[in-house]
$ cat query.cif   # mmCIF, C-alpha atoms and all ligand atoms
data_run
#
loop_
_atom_site.group_PDB
_atom_site.id
_atom_site.type_symbol
_atom_site.label_atom_id
_atom_site.label_comp_id
_atom_site.auth_asym_id
_atom_site.auth_seq_id
_atom_site.Cartn_x
_atom_site.Cartn_y
_atom_site.Cartn_z
ATOM 1 C CA MET A 374 23.072 36.151 22.921
ATOM 2 C CA GLY A 375 23.149 39.471 21.130
ATOM 3 C CA GLU A 376 20.943 42.242 22.392
ATOM 4 C CA GLN A 377 19.743 41.741 25.973
ATOM 5 C CA ARG A 378 16.051 42.114 26.649
ATOM 6 C CA ALA A 379 13.992 42.016 29.811
ATOM 7 C CA SER A 380 12.431 38.573 30.271
ATOM 8 C CA TYR A 381 8.936 39.996 29.899
ATOM 9 C CA SER A 382 9.719 41.784 26.655
ATOM 10 C CA GLY A 383 9.795 40.806 23.013
ATOM 11 C CA LEU A 384 8.339 37.983 20.937
ATOM 12 C CA THR A 385 8.337 34.510 22.480
ATOM 13 C CA SER A 386 10.302 31.541 21.187
ATOM 14 C CA PHE A 387 12.090 28.859 23.196
ATOM 15 C CA MET A 388 15.217 30.512 24.633
ATOM 16 C CA ARG A 389 14.739 33.316 22.085
ATOM 17 C CA LEU A 390 15.920 30.978 19.341
ATOM 18 C CA PRO A 391 15.183 32.062 15.784
ATOM 19 C CA VAL A 392 11.786 30.852 14.577
ATOM 20 C CA VAL A 393 12.158 28.712 11.452
ATOM 21 C CA GLU A 394 8.920 26.928 10.643
ATOM 22 C CA ASP A 395 9.885 25.871 7.108
ATOM 23 C CA PRO A 396 11.870 22.575 7.137
ATOM 24 C CA ALA A 397 13.873 23.921 4.183
ATOM 25 C CA GLY A 398 15.608 26.118 6.766
ATOM 26 C CA TRP A 399 16.671 23.248 9.045
ATOM 27 C CA ARG A 400 19.623 22.023 6.971
ATOM 28 C CA GLY A 401 22.784 22.123 9.074
ATOM 29 C CA VAL A 402 20.857 22.772 12.279
ATOM 30 C CA ASP A 403 21.771 20.775 15.420
ATOM 31 C CA VAL A 404 18.496 21.125 17.327
ATOM 32 C CA VAL A 405 14.910 21.674 16.175
ATOM 33 C CA VAL A 406 12.543 22.676 18.989
ATOM 34 C CA ALA A 407 8.821 22.213 18.355
ATOM 35 C CA GLY A 408 5.631 22.428 20.381
ATOM 36 C CA VAL A 409 2.700 20.007 20.226
ATOM 37 C CA PRO A 410 -0.398 21.663 21.732
ATOM 38 C CA PHE A 411 -2.353 18.397 22.041
ATOM 39 C CA ASP A 412 -4.058 17.055 25.178
ATOM 40 C CA VAL A 413 -6.976 14.877 24.125
ATOM 41 C CA ALA A 414 -5.210 11.657 25.264
ATOM 42 C CA THR A 415 -5.174 12.504 28.967
ATOM 43 C CA THR A 416 -6.990 10.317 31.501
ATOM 44 C CA ASN A 417 -7.617 13.162 33.924
ATOM 45 C CA ARG A 418 -7.245 16.931 33.779
ATOM 46 C CA PRO A 419 -6.690 18.424 30.305
ATOM 47 C CA GLY A 420 -4.653 21.588 29.774
ATOM 48 C CA ALA A 421 -1.334 20.387 28.352
ATOM 49 C CA ARG A 422 -2.322 21.997 25.059
ATOM 50 C CA PHE A 423 -1.177 25.213 26.737
ATOM 51 C CA GLY A 424 2.157 23.663 27.706
ATOM 52 C CA PRO A 425 4.346 24.665 24.747
ATOM 53 C CA ARG A 426 3.473 28.341 25.037
ATOM 54 C CA ALA A 427 4.003 28.380 28.821
ATOM 55 C CA ILE A 428 7.362 26.603 28.567
ATOM 56 C CA ARG A 429 8.537 29.028 25.899
ATOM 57 C CA GLU A 430 7.455 31.984 28.012
ATOM 58 C CA GLN A 431 9.284 30.745 31.116
ATOM 59 C CA SER A 432 12.393 29.963 29.063
ATOM 60 C CA LEU A 433 12.799 33.691 28.521
ATOM 61 C CA GLN A 434 13.905 33.962 32.167
ATOM 62 C CA LEU A 435 16.749 31.588 31.346
ATOM 63 C CA ALA A 436 17.970 33.250 28.145
ATOM 64 C CA TRP A 437 20.732 35.312 29.675
ATOM 65 C CA GLY A 438 23.917 33.628 28.553
ATOM 66 C CA PRO A 439 25.928 30.998 30.451
ATOM 67 C CA ILE A 440 23.853 28.400 32.304
ATOM 68 C CA TRP A 441 24.629 27.298 35.853
ATOM 69 C CA PRO A 442 26.250 24.871 36.580
ATOM 70 C CA TRP A 443 27.389 24.192 33.012
ATOM 71 C CA GLY A 444 29.327 27.449 32.698
ATOM 72 C CA PHE A 445 28.429 28.010 29.038
ATOM 73 C CA ASP A 446 25.559 29.038 26.814
ATOM 74 C CA PRO A 447 24.606 25.873 24.892
ATOM 75 C CA PHE A 448 23.572 27.956 21.907
ATOM 76 C CA ASP A 449 27.135 29.189 21.511
ATOM 77 C CA HIS A 450 27.896 25.561 20.526
ATOM 78 C CA LEU A 451 24.662 24.396 18.901
ATOM 79 C CA ARG A 452 22.774 25.802 15.959
ATOM 80 C CA ALA A 453 19.183 25.604 17.117
ATOM 81 C CA VAL A 454 15.821 26.835 15.883
ATOM 82 C CA ASP A 455 12.294 26.969 17.248
ATOM 83 C CA ALA A 456 10.028 25.493 14.560
ATOM 84 C CA GLY A 457 6.848 26.693 16.233
ATOM 85 C CA ASP A 458 3.994 24.279 16.889
ATOM 86 C CA VAL A 459 3.259 21.189 14.827
ATOM 87 C CA PRO A 460 0.000 21.994 13.015
ATOM 88 C CA PHE A 461 -3.039 19.724 13.113
ATOM 89 C CA ASP A 462 -6.801 20.100 12.825
ATOM 90 C CA TRP A 463 -8.300 20.060 16.327
ATOM 91 C CA GLY A 464 -11.348 18.364 14.843
ATOM 92 C CA ARG A 465 -9.178 15.513 13.553
ATOM 93 C CA PRO A 466 -6.962 14.585 16.488
ATOM 94 C CA ARG A 467 -5.595 11.536 14.662
ATOM 95 C CA GLU A 468 -3.987 13.978 12.212
ATOM 96 C CA MET A 469 -1.576 15.051 14.958
ATOM 97 C CA GLU A 470 0.138 11.646 14.922
ATOM 98 C CA GLU A 471 1.106 11.692 11.258
ATOM 99 C CA ASN A 472 1.928 15.412 11.178
ATOM 100 C CA LEU A 473 4.216 15.062 14.200
ATOM 101 C CA ARG A 474 5.896 11.899 12.877
ATOM 102 C CA ALA A 475 6.569 13.600 9.544
ATOM 103 C CA HIS A 476 7.814 16.774 11.268
ATOM 104 C CA ILE A 477 10.282 14.823 13.402
ATOM 105 C CA ALA A 478 11.386 12.727 10.417
ATOM 106 C CA ARG A 479 12.215 15.898 8.476
ATOM 107 C CA GLY A 480 14.332 17.215 11.357
ATOM 108 C CA LEU A 481 16.149 13.912 11.789
ATOM 109 C CA SER A 482 16.952 13.700 8.080
ATOM 110 C CA ALA A 483 18.364 17.232 8.278
ATOM 111 C CA GLY A 484 20.702 15.889 10.981
ATOM 112 C CA ALA A 485 19.006 17.676 13.872
ATOM 113 C CA VAL A 486 18.081 16.420 17.342
ATOM 114 C CA PRO A 487 14.375 17.002 18.087
ATOM 115 C CA VAL A 488 13.402 18.771 21.314
ATOM 116 C CA THR A 489 9.621 18.522 21.654
ATOM 117 C CA LEU A 490 7.454 20.519 24.069
ATOM 118 C CA GLY A 491 4.114 18.842 24.890
ATOM 119 C CA GLY A 492 1.304 18.314 24.988
ATOM 120 C CA ASP A 493 0.285 15.144 26.805
ATOM 121 C CA HIS A 494 2.537 12.104 26.844
ATOM 122 C CA PHE A 495 0.774 10.512 23.860
ATOM 123 C CA CYS A 496 2.779 12.981 21.752
ATOM 124 C CA THR A 497 5.919 10.927 22.415
ATOM 125 C CA LEU A 498 4.570 8.018 20.358
ATOM 126 C CA PRO A 499 4.718 9.651 16.889
ATOM 127 C CA VAL A 500 8.179 10.997 17.742
ATOM 128 C CA LEU A 501 9.378 7.478 18.547
ATOM 129 C CA ARG A 502 7.932 6.221 15.250
ATOM 130 C CA ALA A 503 10.131 8.699 13.388
ATOM 131 C CA CYS A 504 13.164 7.805 15.531
ATOM 132 C CA LYS A 505 12.674 4.093 14.806
ATOM 133 C CA GLU A 506 12.616 4.783 11.057
ATOM 134 C CA ARG A 507 15.987 6.469 11.296
ATOM 135 C CA PHE A 508 17.826 4.573 14.051
ATOM 136 C CA GLY A 509 15.977 1.276 14.485
ATOM 137 C CA PRO A 510 14.629 0.367 17.928
ATOM 138 C CA VAL A 511 15.827 2.954 20.449
ATOM 139 C CA ALA A 512 16.537 3.076 24.180
ATOM 140 C CA VAL A 513 14.092 5.250 26.082
ATOM 141 C CA ILE A 514 14.997 6.985 29.328
ATOM 142 C CA GLN A 515 11.598 7.887 30.781
ATOM 143 C CA PHE A 516 11.141 10.159 33.778
ATOM 144 C CA ASP A 517 7.546 9.742 34.943
ATOM 145 C CA ALA A 518 5.283 8.930 37.871
ATOM 146 C CA HIS A 519 3.630 6.387 35.556
ATOM 147 C CA ARG A 520 5.045 3.603 33.417
ATOM 148 C CA ASP A 521 2.454 4.277 30.657
ATOM 149 C CA VAL A 522 2.321 0.581 29.741
ATOM 150 C CA GLU A 523 -1.434 0.031 30.067
ATOM 151 C CA GLU A 524 -3.167 -2.787 28.268
ATOM 152 C CA GLY A 525 -4.772 -1.919 24.925
ATOM 153 C CA ALA A 526 -1.696 -1.621 22.696
ATOM 154 C CA GLY A 527 -2.416 -2.275 19.030
ATOM 155 C CA GLU A 528 -6.021 -1.128 19.312
ATOM 156 C CA GLY A 529 -5.510 2.367 17.934
ATOM 157 C CA ARG A 530 -6.177 4.087 21.238
ATOM 158 C CA ILE A 531 -5.365 7.788 21.654
ATOM 159 C CA ASP A 532 -4.330 7.401 25.292
ATOM 160 C CA HIS A 533 -1.324 8.754 27.176
ATOM 161 C CA GLY A 534 -1.392 5.665 29.434
ATOM 162 C CA ILE A 535 -0.393 3.254 26.665
ATOM 163 C CA VAL A 536 2.477 5.120 25.032
ATOM 164 C CA PHE A 537 5.221 2.665 25.912
ATOM 165 C CA SER A 538 3.187 -0.537 25.652
ATOM 166 C CA GLU A 539 2.142 0.679 22.201
ATOM 167 C CA ALA A 540 5.733 1.620 21.322
ATOM 168 C CA LEU A 541 6.859 -1.870 22.344
ATOM 169 C CA HIS A 542 3.989 -3.427 20.385
ATOM 170 C CA GLU A 543 5.103 -1.477 17.296
ATOM 171 C CA GLY A 544 8.737 -2.531 17.744
ATOM 172 C CA LEU A 545 9.982 1.022 18.315
ATOM 173 C CA LEU A 546 12.007 0.270 21.453
ATOM 174 C CA ASP A 547 14.928 -1.854 22.487
ATOM 175 C CA GLU A 548 13.142 -2.996 25.643
ATOM 176 C CA ARG A 549 16.198 -4.201 27.562
ATOM 177 C CA ALA A 550 17.894 -0.810 27.025
ATOM 178 C CA CYS A 551 14.947 1.170 28.416
ATOM 179 C CA VAL A 552 14.792 2.635 31.906
ATOM 180 C CA GLN A 553 11.924 4.311 33.769
ATOM 181 C CA VAL A 554 12.711 6.692 36.629
ATOM 182 C CA GLY A 555 10.501 8.060 39.401
ATOM 183 C CA ILE A 556 7.638 5.560 38.988
ATOM 184 C CA ARG A 557 5.059 5.487 41.807
ATOM 185 C CA THR A 558 1.994 3.818 40.335
ATOM 186 C CA THR A 559 1.203 0.195 39.463
ATOM 187 C CA TYR A 560 0.210 -1.444 36.180
ATOM 188 C CA PRO A 561 -1.485 -4.729 35.385
ATOM 189 C CA GLY A 562 -0.081 -7.014 32.752
ATOM 190 C CA GLU A 563 3.365 -7.891 31.512
ATOM 191 C CA ALA A 564 4.004 -5.086 29.000
ATOM 192 C CA GLY A 565 7.432 -3.578 29.506
ATOM 193 C CA ALA A 566 8.565 -6.296 31.930
ATOM 194 C CA GLY A 567 12.004 -6.138 30.298
ATOM 195 C CA MET A 568 12.459 -2.465 31.122
ATOM 196 C CA THR A 569 14.456 -1.372 34.145
ATOM 197 C CA VAL A 570 12.400 0.563 36.703
ATOM 198 C CA ILE A 571 14.015 2.863 39.272
ATOM 199 C CA ASP A 572 10.916 3.737 41.252
ATOM 200 C CA ALA A 573 10.401 6.877 43.310
ATOM 201 C CA ALA A 574 11.260 5.144 46.582
ATOM 202 C CA ALA A 575 14.578 4.005 45.112
ATOM 203 C CA CYS A 576 15.229 7.519 43.786
ATOM 204 C CA HIS A 577 14.844 8.862 47.328
ATOM 205 C CA THR A 578 17.462 6.467 48.724
ATOM 206 C CA MET A 579 19.962 6.775 45.846
ATOM 207 C CA SER A 580 22.138 9.744 44.973
ATOM 208 C CA PRO A 581 21.568 11.359 41.571
ATOM 209 C CA ALA A 582 25.012 10.092 40.547
ATOM 210 C CA ARG A 583 24.067 6.498 41.393
ATOM 211 C CA ILE A 584 20.780 6.778 39.520
ATOM 212 C CA ALA A 585 22.635 8.160 36.509
ATOM 213 C CA ALA A 586 25.188 5.347 36.722
ATOM 214 C CA LYS A 587 22.355 2.815 36.643
ATOM 215 C CA ILE A 588 20.800 4.568 33.636
ATOM 216 C CA ARG A 589 24.141 4.470 31.808
ATOM 217 C CA GLU A 590 24.517 0.793 32.581
ATOM 218 C CA VAL A 591 21.113 0.003 31.057
ATOM 219 C CA VAL A 592 21.333 2.308 28.033
ATOM 220 C CA GLY A 593 24.971 1.789 27.100
ATOM 221 C CA GLU A 594 25.800 2.959 23.583
ATOM 222 C CA HIS A 595 22.263 2.607 22.234
ATOM 223 C CA PRO A 596 20.614 5.563 20.508
ATOM 224 C CA ALA A 597 18.956 7.146 23.537
ATOM 225 C CA TYR A 598 15.706 9.093 23.588
ATOM 226 C CA LEU A 599 15.017 11.023 26.796
ATOM 227 C CA THR A 600 11.334 11.620 27.558
ATOM 228 C CA PHE A 601 10.441 13.656 30.635
ATOM 229 C CA ASP A 602 6.834 13.571 31.857
ATOM 230 C CA ILE A 603 6.757 16.538 34.226
ATOM 231 C CA ASP A 604 4.655 14.525 36.702
ATOM 232 C CA CYS A 605 7.882 12.682 37.581
ATOM 233 C CA LEU A 606 8.460 15.738 39.772
ATOM 234 C CA ASP A 607 6.564 15.925 43.031
ATOM 235 C CA PRO A 608 3.370 18.022 42.852
ATOM 236 C CA ALA A 609 5.122 20.438 45.231
ATOM 237 C CA PHE A 610 7.548 21.233 42.412
ATOM 238 C CA ALA A 611 5.205 20.653 39.465
ATOM 239 C CA PRO A 612 1.546 21.127 40.368
ATOM 240 C CA GLY A 613 0.692 22.140 36.805
ATOM 241 C CA THR A 614 0.057 18.731 35.321
ATOM 242 C CA GLY A 615 -2.924 16.523 34.527
ATOM 243 C CA THR A 616 -2.212 13.442 36.642
ATOM 244 C CA PRO A 617 -0.116 14.464 39.671
ATOM 245 C CA VAL A 618 1.139 11.813 42.121
ATOM 246 C CA PRO A 619 2.649 12.725 45.535
ATOM 247 C CA GLY A 620 6.089 11.461 46.495
ATOM 248 C CA GLY A 621 8.041 12.425 43.409
ATOM 249 C CA LEU A 622 11.426 13.888 42.636
ATOM 250 C CA SER A 623 12.445 17.443 43.426
ATOM 251 C CA SER A 624 13.499 19.693 40.569
ATOM 252 C CA HIS A 625 17.044 19.492 41.915
ATOM 253 C CA GLN A 626 17.080 15.677 41.945
ATOM 254 C CA ALA A 627 15.902 15.532 38.349
ATOM 255 C CA ARG A 628 18.383 18.142 37.153
ATOM 256 C CA ALA A 629 21.262 16.509 39.010
ATOM 257 C CA ILE A 630 20.501 13.171 37.317
ATOM 258 C CA LEU A 631 20.492 14.854 33.898
ATOM 259 C CA TRP A 632 23.812 16.562 34.608
ATOM 260 C CA GLU A 633 25.373 13.125 35.091
ATOM 261 C CA LEU A 634 24.196 11.760 31.732
ATOM 262 C CA ARG A 635 26.933 13.382 29.683
ATOM 263 C CA GLY A 636 28.229 11.348 26.791
ATOM 264 C CA LEU A 637 25.162 9.186 26.134
ATOM 265 C CA ASN A 638 24.205 8.827 22.488
ATOM 266 C CA PHE A 639 21.202 11.148 22.631
ATOM 267 C CA ILE A 640 18.939 11.292 19.587
ATOM 268 C CA GLY A 641 16.022 13.258 21.012
ATOM 269 C CA PHE A 642 14.255 14.771 23.989
ATOM 270 C CA ASP A 643 10.785 15.774 25.008
ATOM 271 C CA ILE A 644 9.110 17.382 27.994
ATOM 272 C CA MET A 645 5.449 16.473 28.311
ATOM 273 C CA GLU A 646 2.344 16.990 30.429
ATOM 274 C CA VAL A 647 2.857 20.605 31.527
ATOM 275 C CA ALA A 648 -0.714 21.829 32.119
ATOM 276 C CA PRO A 649 -0.553 25.551 32.982
ATOM 277 C CA PRO A 650 -4.168 25.883 34.247
ATOM 278 C CA TYR A 651 -3.158 23.956 37.422
ATOM 279 C CA ASP A 652 0.240 25.612 37.824
ATOM 280 C CA ALA A 653 1.188 27.886 40.743
ATOM 281 C CA GLY A 654 3.525 30.787 40.191
ATOM 282 C CA GLU A 655 4.474 29.219 36.835
ATOM 283 C CA ILE A 656 6.891 26.887 38.633
ATOM 284 C CA THR A 657 5.953 23.849 36.551
ATOM 285 C CA ALA A 658 6.572 25.565 33.230
ATOM 286 C CA LEU A 659 9.823 27.010 34.577
ATOM 287 C CA ALA A 660 10.988 23.558 35.719
ATOM 288 C CA ALA A 661 10.110 22.188 32.274
ATOM 289 C CA ALA A 662 11.993 24.954 30.473
ATOM 290 C CA THR A 663 14.993 24.382 32.742
ATOM 291 C CA LEU A 664 15.039 20.616 32.102
ATOM 292 C CA ALA A 665 14.812 21.178 28.340
ATOM 293 C CA LEU A 666 17.687 23.630 28.634
ATOM 294 C CA ASP A 667 19.732 21.109 30.654
ATOM 295 C CA PHE A 668 19.205 18.640 27.820
ATOM 296 C CA CYS A 669 20.511 21.226 25.321
ATOM 297 C CA CYS A 670 23.532 21.677 27.604
ATOM 298 C CA LEU A 671 24.124 17.912 27.518
ATOM 299 C CA LEU A 672 24.226 18.065 23.713
ATOM 300 C CA ALA A 673 26.430 21.139 23.756
ATOM 301 C CA ALA A 674 28.828 19.559 26.260
ATOM 302 C CA ALA A 675 29.383 16.733 23.780
ATOM 303 C CA ARG A 676 30.174 19.304 21.055
ATOM 304 C CA THR A 677 32.569 21.253 23.228
ATOM 305 C CA ARG A 678 34.522 18.043 23.886
ATOM 306 C CA GLY A 679 34.595 17.406 20.160
ATOM 307 C CA ASP A 680 32.890 14.016 20.426
ATOM 308 C CA GLY A 681 29.408 15.112 19.466
HETATM 309 MN MN MN A 701 3.639 9.737 31.121
HETATM 310 MN MN MN A 702 2.912 10.581 34.183
#

$ encode --input "query.cif" --output "structure tokens" --more "lines below"
Ligand code: MN
Ligand code: MN
Amino acid sequence: MGEQRASYSGLTSFMRLPVVEDPAGWRGVDVVVAGVPFDVATTNRPGARFGPRAIREQSLQLAWGPIWPWGFDPFDHLRAVDAGDVPFDWGRPREMEENLRAHIARGLSAGAVPVTLGGDHFCTLPVLRACKERFGPVAVIQFDAHRDVEEGAGEGRIDHGIVFSEALHEGLLDERACVQVGIRTTYPGEAGAGMTVIDAAACHTMSPARIAAKIREVVGEHPAYLTFDIDCLDPAFAPGTGTPVPGGLSSHQARAILWELRGLNFIGFDIMEVAPPYDAGEITALAAATLALDFCCLLAAARTRGDG
């Protein structure tokens, strides 16, 4: 880690990673972290535009070397950079989609795994477009209170409720290899009927290991993209989000599921919908930073075994 600094001190990047905004500097990098301060697609409370900064700030509490329970510092095994925030003109929200797709595509062609800090869940769509270009249709592991498969795909909507129906419509996903975890809302229509849903009630009767086993069974060897909408967590653990739904997972449940996903063929990760204006004691941003760090540990664990 180099020089140790108090968590409240120094410039802010995710986990104190070096800031490398210029894609020319990403060659040979394993992980490119980027923020997307975009929240105009939300159906309820805005504020996720402040998510990337809050997650970065809370990550500074975690940047102290080996991570429990992994027992190592993932950045001893991964070369990672924080690329800052994807730029777009706030007066042209549509610009975000193409800028983010192009940003992710540049990271993927440099051989890096994208770790994206949202922003509302609409931000996952341009990322998936870039992933499809590189890997073909991908498996999505979605942690969320909502399936985000509303009607209206193909109509050009900027709407965080249609991300996965739109992704299916655009052929970005391998539907049968997709799994949604923590769901506790209903959707009309047939979009995403081929996806596996492990709803919140099931999550509360299954152990994290059993949930992870089910995820592995569905995803198999497919290129796997893990998207975590922070509202998958119960509002008691993550009040700072735009569309909270009671009855969700605890931060421990979610982490324990991630810990069991070692060895999947991960191609990317995002953490979305952190809206700091509704947070309490910064617990939502801290949970988000911790989950993003657990994902980095998953990647690093693959490297330390030599199979990454
Ligand atoms: Mn969502
Ligand atoms: Mn949600």

$ resolve_selection --input "query.cif" --expression "the PyMOL selection byres (((chain A and resi 584) around 10) and not hetatm)" --output "list in words"
Val554, Ile571, Ala575, Cys576, Thr578, Met579, Ser580, Pro581, Ala582, Arg583, Ala585, Ala586, Lys587, Ile588, Arg589, Glu590, Gln626, Ala629, Ile630, Leu631, Glu633 and Leu634 of chain A

$ closest_residue --input "query.cif" --among "A:Met568, A:Leu435, A:Ile514, A:Cys670" --to "ligand MN 701 (chain A)" --atoms "all atoms listed in the file"
A:Ile514

$ residues_near_ligand --input "query.cif" --ligand "ligand MN 701 (chain A)" --cutoff "9 Å" --atoms "only C-alpha atoms and all ligand atoms" --output "count of residues only"
24

$ closest_residue --input "query.cif" --among "A:Gln553, A:Phe639, A:Ala627, A:Thr663" --to "ligand MN 702 (chain A)" --atoms "all atoms listed in the file"
A:Gln553

$ closest_residue --input "query.cif" --among "A:Gly424, A:Gly484, A:Gly464, A:Pro608" --to "ligand MN 702 (chain A)" --atoms "all atoms listed in the file"
A:Pro608

$ resolve_selection --input "query.cif" --expression "the PyMOL selection byres (((chain A and resi 551) around 6) and not hetatm)" --output "PyMOL selection string"
chain A and resi 512-514+548-550+552+568

$ atom_distance --input "query.cif" --atom1 "CA of His595 (chain A)" --atom2 "CA of Val402 (chain A)"
22.5 Å

$ residues_near_point --input "query.cif" --point "(-7.8, 19.4, 34.3)" --cutoff "12 Å" --atoms "all atoms listed in the file" --output "list of chain:residue names"
A:Asp412, A:Val413, A:Thr415, A:Thr416, A:Asn417, A:Arg418, A:Pro419, A:Gly420, A:Ala421, A:Arg422, A:Phe423, A:Asp493, A:Pro612, A:Gly613, A:Thr614, A:Gly615, A:Thr616, A:Pro617, A:Glu646, A:Val647, A:Ala648, A:Pro649, A:Pro650, A:Tyr651, A:Asp652

$ write_last_selection --input "query.cif" --atoms "C-alpha atoms" --output "PDB file, in the frame of the given file"
ATOM      1  CA  ASP A 412      -4.058  17.055  25.178  1.00  0.00           C
ATOM      2  CA  VAL A 413      -6.976  14.877  24.125  1.00  0.00           C
ATOM      3  CA  THR A 415      -5.174  12.504  28.967  1.00  0.00           C
ATOM      4  CA  THR A 416      -6.990  10.317  31.501  1.00  0.00           C
ATOM      5  CA  ASN A 417      -7.617  13.162  33.924  1.00  0.00           C
ATOM      6  CA  ARG A 418      -7.245  16.931  33.779  1.00  0.00           C
ATOM      7  CA  PRO A 419      -6.690  18.424  30.305  1.00  0.00           C
ATOM      8  CA  GLY A 420      -4.653  21.588  29.774  1.00  0.00           C
ATOM      9  CA  ALA A 421      -1.334  20.387  28.352  1.00  0.00           C
ATOM     10  CA  ARG A 422      -2.322  21.997  25.059  1.00  0.00           C
ATOM     11  CA  PHE A 423      -1.177  25.213  26.737  1.00  0.00           C
ATOM     12  CA  ASP A 493       0.285  15.144  26.805  1.00  0.00           C
ATOM     13  CA  PRO A 612       1.546  21.127  40.368  1.00  0.00           C
ATOM     14  CA  GLY A 613       0.692  22.140  36.805  1.00  0.00           C
ATOM     15  CA  THR A 614       0.057  18.731  35.321  1.00  0.00           C
ATOM     16  CA  GLY A 615      -2.924  16.523  34.527  1.00  0.00           C
ATOM     17  CA  THR A 616      -2.212  13.442  36.642  1.00  0.00           C
ATOM     18  CA  PRO A 617      -0.116  14.464  39.671  1.00  0.00           C
ATOM     19  CA  GLU A 646       2.344  16.990  30.429  1.00  0.00           C
ATOM     20  CA  VAL A 647       2.857  20.605  31.527  1.00  0.00           C
ATOM     21  CA  ALA A 648      -0.714  21.829  32.119  1.00  0.00           C
ATOM     22  CA  PRO A 649      -0.553  25.551  32.982  1.00  0.00           C
ATOM     23  CA  PRO A 650      -4.168  25.883  34.247  1.00  0.00           C
ATOM     24  CA  TYR A 651      -3.158  23.956  37.422  1.00  0.00           C
ATOM     25  CA  ASP A 652       0.240  25.612  37.824  1.00  0.00           C
TER      26      ASP A 652
END

$ resolve_selection --input "query.cif" --expression "the PyMOL selection byres (((chain A and resi 448) around 12) and not hetatm)" --output "ChimeraX atom specification"
/A:374-375,387-391,402-404,436-440,445-447,449-454,666-674,676-677

$ closest_residue --input "query.cif" --among "A:Arg502, A:Gly492, A:Thr385, A:Tyr560" --to "Glu524 (chain A)" --atoms "only C-alpha atoms"
A:Tyr560

$ closest_residue --input "query.cif" --among "A:Ser386, A:Ser482, A:Gln434, A:Ser538" --to "Ala456 (chain A)" --atoms "all atoms listed in the file"
A:Ser386

$ atom_distance --input "query.cif" --atom1 "CA of Ala540 (chain A)" --atom2 "CA of Gly555 (chain A)"
19.8 Å

$ atom_distance --input "query.cif" --atom1 "CA of Ala611 (chain A)" --atom2 "CA of Ala665 (chain A)"
14.7 Å

$ residues_near_point --input "query.cif" --point "(12.4, 16.0, 16.2)" --cutoff "9 Å" --atoms "only C-alpha atoms" --output "list in words"
Val404, Val405, Val406, Ala407, Leu473, Arg474, His476, Ile477, Ala478, Arg479, Gly480, Leu481, Ala485, Val486, Pro487, Val488, Thr489, Val500, Ala503, Cys504, Ile640, Gly641, Phe642 and Asp643 of chain A

$ closest_residue --input "query.cif" --among "A:Val392, A:Arg426, A:Asp532, A:Ala566" --to "ligand MN 702 (chain A)" --atoms "all atoms listed in the file"
A:Asp532

$ residues_around --input "query.cif" --residues "Trp463 (chain A)" --least-positions-apart "3" --cutoff "10 Å" --atoms "only C-alpha atoms" --output "ChimeraX atom specification"
/A:410-411,413,460,466-469
